[in-house]
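Peer 1: First, the structure itself, so that you have it in front of you.
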Amino acid sequence: MRERCGLHDMENYRKARTVEQPCLCPFPDLPGDTPEVRVKDGSKIRNLMRFALSRMEEKTASTDLPGPLEGSEVSVGSGENLCRQIVFTGVGPSVAKAITCVEIMKRRVHGLHQHTKLVYRTVQEIWEPLEPEAGLDSLTVSRNVPSIWVLLSRDSLDKNQPGYQAPGSFDALWIQALKEEAATPKHVQRRKRGGTGPGRTEGAGRGKGPHKHPCRPGEPRRPLGHSGGGQD
């Protein structure tokens with residue numbers, strides 16, 4: 001198998017599989033029973049949060065988030081007691097979904113400290129030739145994709161570390177944004193959101209347009225600038 005980082009005649013290949021290289025957790029000295037929720041592109045947020053809340057909330061109704069874990073990988077430490085910390089991870093397209101899970105957790109479980117780490121993880125794509133008898137070799141394309149690690153903790157974390165968020169800091173930003181939106185008049189909001197729609201040009205409105213000279217039915221339209229009072 002030949003390893004390359006570029007693409008060469010890729011129309012003759014098909015992607016066989018994708019392999020994510022292992023990445024060490026950027027949070028050292030975590031307890032052994034700290035759950036790590038690995039969010040995948042096909043993961044369902046409902047299933048992920050059912051598991052995460054069961055490890056962080058004292059009372060989680062089974063009817064609130066039912067169903068088995070599907071499309072995700074979850075590594076759970078030993079012990080049945082509630083955890084003091086939990087880690088969410090996401091790679092590439094699943095980064096946004098991991099952030100959504102973190103924000104849901106912070107709204108359900110209050111007083112959580114947060115540490116966020118952004119790193120790059122190597123992903124290898126294995127490409128196989130469409131016609132093996134053509135003598136083409138398999139290709140391995142290596143890419144560096146962004147990855148996010150978020151640690152949520154009931155206990156205090158190092159505030160001097162980059163990526164630290166105190167409990168309630170994100171809620172304060174949301175409250176300020178909602179106050180500003182409520183203070184903005186509705187007609188200004190519509191103007192900002194609507195803009196110029198299809199069939200409308202900028203500056204078009206209900207005002208009077210260019211003056212049109214009326215003409216009788218069947219009478220040819222006179223050219224502009226022609227005065228029809230006298231004879232030549």
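Every chain in the structure tokens has a letter given in the order shown (A, B, ...), and although residue numbers restart at 1 in each chain, ligands are simply numbered from 1 in the order shown.
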Env of Asn12 of chain A: 8 Å cut, atoms = only C-alpha atoms, seq-sep filter 4 positions within chain, self excluded. Answer as a list in words.
Peer 2: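 Neighbouring residues, sequence-local ones excluded: Pro129, Leu130 and Glu131 of chain A.
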Peer 1: Could you check which of A:Leu151, A:Met105, A:Ala98, A:Leu136 is closest to Cys25 of chain A, using only C-alpha atoms?
Peer 2: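 Residue with the minimum atom-to-atom distance to Cys25 of chain A: A:Leu151.
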Peer 1: Between atom CA of Asp158 of chain A and atom CA of Gln114 of chain A, what distance in Å does the model show, to one decimal?
Peer 2: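 Interatomic distance here is 9.7 Å.
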Peer 1: Write out as a PyMOL selection string each polymer residue whose atoms come within 12 Å of Tyr164 of chain A, counting only C-alpha atoms; drop sequence neighbours fewer than 6 positions from it.
Peer 2: chain A and resi 112-117+150-153+156-158+170
Peer 1: Restricted to N, CA, C and O atoms, what would the selected residues look like written as a PDB file, in the first residue's frame?
Peer 2:
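Once everything was written out, this is out-v8.pdb:
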ATOM      1  N   LEU A 112     -21.615  23.957  36.560  1.00  0.00           N
ATOM      2  CA  LEU A 112     -20.520  23.187  35.976  1.00  0.00           C
ATOM      3  C   LEU A 112     -19.419  24.121  35.483  1.00  0.00           C
ATOM      4  O   LEU A 112     -19.678  25.102  34.780  1.00  0.00           O
ATOM      5  N   HIS A 113     -18.185  23.805  35.855  1.00  0.00           N
ATOM      6  CA  HIS A 113     -17.022  24.493  35.310  1.00  0.00           C
ATOM      7  C   HIS A 113     -16.624  23.820  33.995  1.00  0.00           C
ATOM      8  O   HIS A 113     -16.812  22.612  33.817  1.00  0.00           O
ATOM      9  N   GLN A 114     -16.049  24.616  33.092  1.00  0.00           N
ATOM     10  CA  GLN A 114     -15.758  24.092  31.757  1.00  0.00           C
ATOM     11  C   GLN A 114     -14.334  24.424  31.340  1.00  0.00           C
ATOM     12  O   GLN A 114     -13.851  25.540  31.533  1.00  0.00           O
ATOM     13  N   HIS A 115     -13.672  23.426  30.750  1.00  0.00           N
ATOM     14  CA  HIS A 115     -12.391  23.594  30.082  1.00  0.00           C
ATOM     15  C   HIS A 115     -12.546  23.094  28.650  1.00  0.00           C
ATOM     16  O   HIS A 115     -13.025  21.979  28.430  1.00  0.00           O
ATOM     17  N   THR A 116     -12.132  23.902  27.678  1.00  0.00           N
ATOM     18  CA  THR A 116     -12.238  23.532  26.269  1.00  0.00           C
ATOM     19  C   THR A 116     -10.856  23.509  25.638  1.00  0.00           C
ATOM     20  O   THR A 116     -10.087  24.461  25.792  1.00  0.00           O
ATOM     21  N   LYS A 117     -10.559  22.428  24.935  1.00  0.00           N
ATOM     22  CA  LYS A 117      -9.293  22.277  24.233  1.00  0.00           C
ATOM     23  C   LYS A 117      -9.581  21.994  22.763  1.00  0.00           C
ATOM     24  O   LYS A 117     -10.390  21.132  22.428  1.00  0.00           O
ATOM     25  N   VAL A 150     -14.032  18.845  25.568  1.00  0.00           N
ATOM     26  CA  VAL A 150     -14.676  19.711  26.559  1.00  0.00           C
ATOM     27  C   VAL A 150     -14.813  18.925  27.859  1.00  0.00           C
ATOM     28  O   VAL A 150     -15.413  17.840  27.876  1.00  0.00           O
ATOM     29  N   LEU A 151     -14.255  19.484  28.910  1.00  0.00           N
ATOM     30  CA  LEU A 151     -14.362  18.899  30.248  1.00  0.00           C
ATOM     31  C   LEU A 151     -15.348  19.718  31.062  1.00  0.00           C
ATOM     32  O   LEU A 151     -15.191  20.934  31.209  1.00  0.00           O
ATOM     33  N   LEU A 152     -16.368  19.056  31.593  1.00  0.00           N
ATOM     34  CA  LEU A 152     -17.336  19.673  32.495  1.00  0.00           C
ATOM     35  C   LEU A 152     -17.142  19.070  33.878  1.00  0.00           C
ATOM     36  O   LEU A 152     -17.069  17.841  34.024  1.00  0.00           O
ATOM     37  N   SER A 153     -17.058  19.942  34.888  1.00  0.00           N
ATOM     38  CA  SER A 153     -16.734  19.482  36.236  1.00  0.00           C
ATOM     39  C   SER A 153     -17.597  20.199  37.258  1.00  0.00           C
ATOM     40  O   SER A 153     -17.833  21.414  37.159  1.00  0.00           O
ATOM     41  N   SER A 156     -14.171  22.911  41.140  1.00  0.00           N
ATOM     42  CA  SER A 156     -13.495  24.046  40.537  1.00  0.00           C
ATOM     43  C   SER A 156     -12.306  23.584  39.695  1.00  0.00           C
ATOM     44  O   SER A 156     -11.614  22.613  40.032  1.00  0.00           O
ATOM     45  N   LEU A 157     -12.071  24.304  38.587  1.00  0.00           N
ATOM     46  CA  LEU A 157     -10.946  24.041  37.700  1.00  0.00           C
ATOM     47  C   LEU A 157     -10.000  25.231  37.713  1.00  0.00           C
ATOM     48  O   LEU A 157     -10.305  26.290  38.274  1.00  0.00           O
ATOM     49  N   ASP A 158      -8.850  25.050  37.095  1.00  0.00           N
ATOM     50  CA  ASP A 158      -7.844  26.104  37.049  1.00  0.00           C
ATOM     51  C   ASP A 158      -8.347  27.243  36.161  1.00  0.00           C
ATOM     52  O   ASP A 158      -8.485  27.088  34.941  1.00  0.00           O
ATOM     53  N   PHE A 170     -21.845  31.609  30.038  1.00  0.00           N
ATOM     54  CA  PHE A 170     -22.508  31.563  28.739  1.00  0.00           C
ATOM     55  C   PHE A 170     -23.953  32.009  28.844  1.00  0.00           C
ATOM     56  O   PHE A 170     -24.478  32.664  27.947  1.00  0.00           O
TER      57      PHE A 170
END
Peer 1: Which is closer to Ala52 of chain A than all the others in A:Lys15, A:Lys159, A:Lys40, A:Arg84, using only C-alpha atoms?
Peer 2: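 Answer, going by the shortest atom-to-atom distance: A:Arg84.
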Peer 1: Which one of A:Asn47, A:Tyr13, A:Val119, A:Val87 sits closest to Pro35 of chain A if you count only C-alpha atoms?
Peer 2: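 Among the listed residues, A:Val87 lies closest to Pro35 of chain A.
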Peer 1: How far is it from atom CA of Val95 of chain A to atom CA of Asp41 of chain A, in Å with one decimal?
Peer 2: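 A separation of 8.7 Å between them.
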Peer 1: With distances taken over only C-alpha atoms, which residue among A:Val91, A:Val109, A:Ala182, A:Arg17 lies nearest Met49 of chain A?
Peer 2: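 Counting only C-alpha atoms, the residue closest to Met49 of chain A is A:Val109.
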Peer 1: Work out how far apart atom CA of Asp33 of chain A and atom CA of Ser54 of chain A are and give it in Å to one decimal.
Peer 2: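 Atom CA of Ser54 of chain A lies at a distance of 13.8 Å from atom CA of Asp33 of chain A.
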